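S.K.: Quick one: the structure is below, questions incoming.
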Amino acid sequence: MGAKLKNLHRYYSIFSYKFTQLIIACTAVFVLSLVVKLFPISQLEIALFRLINHLPGVLYLPLVIIMQAGAYFSILIFATIAFVFKKRFLAAELLFGGTLAWILAWAIKLAVVRPRPFEVLSQVSLRESNVYGFGFPSAHAAVAAALVAVASFHFKSCYSWLLWVAVLIVAFARIYMGVHLPLDVAGGVALGWFAGLFTQLIFKSTRKSD
């Protein structure tokens, strides 16, 4: 009986902690959406964009490779890998969380209607072709953050920060490619964080592993 109460207390403690994070993430997405919808692009954001976007071309290859972690097909790849290694709960959560982030990102794009940097700024180094849709939020950053938010719960905390570094690199790469402004990727990361946390709560992922 004591063990059951202890496990129940642990469950509600984790649920409360995750729910608080979920509210913070949701608030961040909402506030950033309002800012980019109602206010023009700030000079500070433009300066930061140009600083990253005008970095040397030698960074292109490593960044474009890491950036694929935020592409939609990466959801299917990572979910398949987890399934092959018999991590079925993780596979289902990656598929659900990543897809949720992708869908929400494109829904918000249509609501906010923020242009891409190369559509409103001059001297943009555009390093990606076939760019379509609006800028805010970055779907790549959202998907990458959602996948990491889900996966990090299944790994030891000492390794989780490495996964979040990868998310930051994806966000950095989207600016470097010239397809997103800084607030676009910030909104994407916040949205992905929200999607990942929501997925954890839905799947009740309080176990350390499958």
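Quick note on naming: the chains in the structure tokens go A, B, ... in the order shown, residues restart at 1 in each chain, and ligands are numbered from 1 in order of appearance.
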Hey, what does DSSP flag as helix (DSSP H, G or I) within stretch 42-140 of chain A? Can you give it to me as number ranges by chain?

M.R.: A: 43-53, 57-70, 72-84, 88-112, 117-120, 139-140

S.K.: Could you build a table of the residues in stretch 15-91 of chain A lying no more than 12 Å from stretch 100-115 of chain A, giving for each the nearest pair of atoms and their separation in Å rounded to one decimal place, using only C-alpha atoms, ordered by chain and ascending residue number, as JSON lines?

M.R.:
{"residue": "A:Cys26", "atom": "CA", "partner": "A:Leu104", "partner_atom": "CA", "distance": 11.8}
{"residue": "A:Val29", "atom": "CA", "partner": "A:Ile108", "partner_atom": "CA", "distance": 9.6}
{"residue": "A:Phe30", "atom": "CA", "partner": "A:Ile108", "partner_atom": "CA", "distance": 9.9}
{"residue": "A:Val31", "atom": "CA", "partner": "A:Val112", "partner_atom": "CA", "distance": 11.9}
{"residue": "A:Leu32", "atom": "CA", "partner": "A:Val112", "partner_atom": "CA", "distance": 10.2}
{"residue": "A:Ser33", "atom": "CA", "partner": "A:Val112", "partner_atom": "CA", "distance": 6.7}
{"residue": "A:Leu34", "atom": "CA", "partner": "A:Val112", "partner_atom": "CA", "distance": 8.1}
{"residue": "A:Val35", "atom": "CA", "partner": "A:Val112", "partner_atom": "CA", "distance": 9.8}
{"residue": "A:Val36", "atom": "CA", "partner": "A:Arg114", "partner_atom": "CA", "distance": 7.1}
{"residue": "A:Lys37", "atom": "CA", "partner": "A:Val112", "partner_atom": "CA", "distance": 5.5}
{"residue": "A:Leu38", "atom": "CA", "partner": "A:Val112", "partner_atom": "CA", "distance": 9.1}
{"residue": "A:Phe39", "atom": "CA", "partner": "A:Arg114", "partner_atom": "CA", "distance": 10.5}
{"residue": "A:Pro40", "atom": "CA", "partner": "A:Arg114", "partner_atom": "CA", "distance": 9.8}
{"residue": "A:Ile41", "atom": "CA", "partner": "A:Arg114", "partner_atom": "CA", "distance": 9.8}
{"residue": "A:Gly70", "atom": "CA", "partner": "A:Trp102", "partner_atom": "CA", "distance": 9.4}
{"residue": "A:Ala71", "atom": "CA", "partner": "A:Trp102", "partner_atom": "CA", "distance": 9.1}
{"residue": "A:Tyr72", "atom": "CA", "partner": "A:Trp102", "partner_atom": "CA", "distance": 7.3}
{"residue": "A:Phe73", "atom": "CA", "partner": "A:Trp102", "partner_atom": "CA", "distance": 10.9}
{"residue": "A:Ser74", "atom": "CA", "partner": "A:Trp102", "partner_atom": "CA", "distance": 11.5}
{"residue": "A:Ile75", "atom": "CA", "partner": "A:Trp102", "partner_atom": "CA", "distance": 9.7}

S.K.: Would you write out those residues with N, CA and C atoms, as a PDB file, in the first residue's frame?

M.R.:
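Result went into selection08.pdb, see below:
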ATOM      1  N   CYS A  26       2.946  27.188 -23.910  1.00  0.00           N
ATOM      2  CA  CYS A  26       1.771  27.709 -24.612  1.00  0.00           C
ATOM      3  C   CYS A  26       1.741  29.234 -24.563  1.00  0.00           C
ATOM      4  N   VAL A  29       4.348  30.697 -26.984  1.00  0.00           N
ATOM      5  CA  VAL A  29       3.888  30.653 -28.377  1.00  0.00           C
ATOM      6  C   VAL A  29       2.869  31.753 -28.635  1.00  0.00           C
ATOM      7  N   PHE A  30       1.942  31.932 -27.704  1.00  0.00           N
ATOM      8  CA  PHE A  30       0.893  32.941 -27.860  1.00  0.00           C
ATOM      9  C   PHE A  30       1.479  34.355 -27.896  1.00  0.00           C
ATOM     10  N   VAL A  31       2.379  34.646 -26.962  1.00  0.00           N
ATOM     11  CA  VAL A  31       2.976  35.986 -26.890  1.00  0.00           C
ATOM     12  C   VAL A  31       3.815  36.278 -28.136  1.00  0.00           C
ATOM     13  N   LEU A  32       4.634  35.318 -28.546  1.00  0.00           N
ATOM     14  CA  LEU A  32       5.459  35.516 -29.738  1.00  0.00           C
ATOM     15  C   LEU A  32       4.592  35.689 -30.987  1.00  0.00           C
ATOM     16  N   SER A  33       3.499  34.961 -31.057  1.00  0.00           N
ATOM     17  CA  SER A  33       2.585  35.096 -32.194  1.00  0.00           C
ATOM     18  C   SER A  33       1.994  36.495 -32.256  1.00  0.00           C
ATOM     19  N   LEU A  34       1.598  37.018 -31.102  1.00  0.00           N
ATOM     20  CA  LEU A  34       1.050  38.375 -31.048  1.00  0.00           C
ATOM     21  C   LEU A  34       2.090  39.418 -31.437  1.00  0.00           C
ATOM     22  N   VAL A  35       3.309  39.242 -30.939  1.00  0.00           N
ATOM     23  CA  VAL A  35       4.381  40.207 -31.215  1.00  0.00           C
ATOM     24  C   VAL A  35       4.660  40.301 -32.715  1.00  0.00           C
ATOM     25  N   VAL A  36       4.829  39.149 -33.370  1.00  0.00           N
ATOM     26  CA  VAL A  36       5.167  39.182 -34.799  1.00  0.00           C
ATOM     27  C   VAL A  36       3.960  39.555 -35.662  1.00  0.00           C
ATOM     28  N   LYS A  37       2.760  39.345 -35.135  1.00  0.00           N
ATOM     29  CA  LYS A  37       1.555  39.692 -35.876  1.00  0.00           C
ATOM     30  C   LYS A  37       1.267  41.191 -35.811  1.00  0.00           C
ATOM     31  N   LEU A  38       1.492  41.789 -34.642  1.00  0.00           N
ATOM     32  CA  LEU A  38       1.081  43.173 -34.419  1.00  0.00           C
ATOM     33  C   LEU A  38       2.193  44.207 -34.618  1.00  0.00           C
ATOM     34  N   PHE A  39       3.436  43.778 -34.523  1.00  0.00           N
ATOM     35  CA  PHE A  39       4.537  44.740 -34.585  1.00  0.00           C
ATOM     36  C   PHE A  39       5.460  44.454 -35.768  1.00  0.00           C
ATOM     37  N   PRO A  40       6.069  45.510 -36.320  1.00  0.00           N
ATOM     38  CA  PRO A  40       7.022  45.305 -37.426  1.00  0.00           C
ATOM     39  C   PRO A  40       8.306  44.652 -36.928  1.00  0.00           C
ATOM     40  N   ILE A  41       9.089  44.175 -37.861  1.00  0.00           N
ATOM     41  CA  ILE A  41      10.363  43.536 -37.515  1.00  0.00           C
ATOM     42  C   ILE A  41      11.283  44.588 -36.885  1.00  0.00           C
ATOM     43  N   GLY A  70      14.876  18.490 -38.439  1.00  0.00           N
ATOM     44  CA  GLY A  70      13.610  19.188 -38.283  1.00  0.00           C
ATOM     45  C   GLY A  70      12.665  19.004 -39.461  1.00  0.00           C
ATOM     46  N   ALA A  71      13.086  18.247 -40.466  1.00  0.00           N
ATOM     47  CA  ALA A  71      12.232  17.991 -41.620  1.00  0.00           C
ATOM     48  C   ALA A  71      11.164  16.956 -41.251  1.00  0.00           C
ATOM     49  N   TYR A  72      10.049  16.970 -41.975  1.00  0.00           N
ATOM     50  CA  TYR A  72       8.957  16.066 -41.610  1.00  0.00           C
ATOM     51  C   TYR A  72       9.362  14.599 -41.721  1.00  0.00           C
ATOM     52  N   PHE A  73      10.162  14.265 -42.734  1.00  0.00           N
ATOM     53  CA  PHE A  73      10.532  12.856 -42.900  1.00  0.00           C
ATOM     54  C   PHE A  73      11.359  12.335 -41.730  1.00  0.00           C
ATOM     55  N   SER A  74      12.002  13.250 -40.977  1.00  0.00           N
ATOM     56  CA  SER A  74      12.794  12.817 -39.823  1.00  0.00           C
ATOM     57  C   SER A  74      11.895  12.218 -38.740  1.00  0.00           C
ATOM     58  N   ILE A  75      10.639  12.654 -38.686  1.00  0.00           N
ATOM     59  CA  ILE A  75       9.689  12.086 -37.724  1.00  0.00           C
ATOM     60  C   ILE A  75       9.530  10.597 -37.987  1.00  0.00           C
TER      61      ILE A  75
END

S.K.: Rank A:Phe49, A:Tyr60, A:Trp164, A:Phe19 by their smallest atom-to-atom distance to A:Ser122, using only C-alpha atoms, and report the top residue only.

M.R.: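 Looking at the shortest contact to A:Ser122, the residue is A:Phe49.
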
S.K.: One decimal, Å: what's the distance from atom CA of A:Asp184 over to atom CA of A:Leu61, could you say?

M.R.: 22.1 Å

S.K.: Find the distance between atom CA of A:Leu48 and atom CA of A:Gly188 and write it in Å to one decimal.

M.R.: 17.0 Å

S.K.: Find the spatial neighbours of A:Ala79, counting only C-alpha atoms, within a cut-off of 7 Å - ignore same-chain residues fewer than 4 positions away - and output them as a compact mmCIF listing (two decimals) with C-alpha atoms, in the first residue's frame.

M.R.:
# COMPACT_ATOMS: atom_id res chain seq x y z
CA ILE A 75 9.69 12.09 -37.72
CA PHE A 83 10.18 0.82 -33.14
CA ALA A 91 8.02 5.42 -31.41
CA ALA A 92 4.33 6.27 -30.98
CA LEU A 94 7.71 10.61 -31.61
CA LEU A 95 5.21 10.08 -34.41
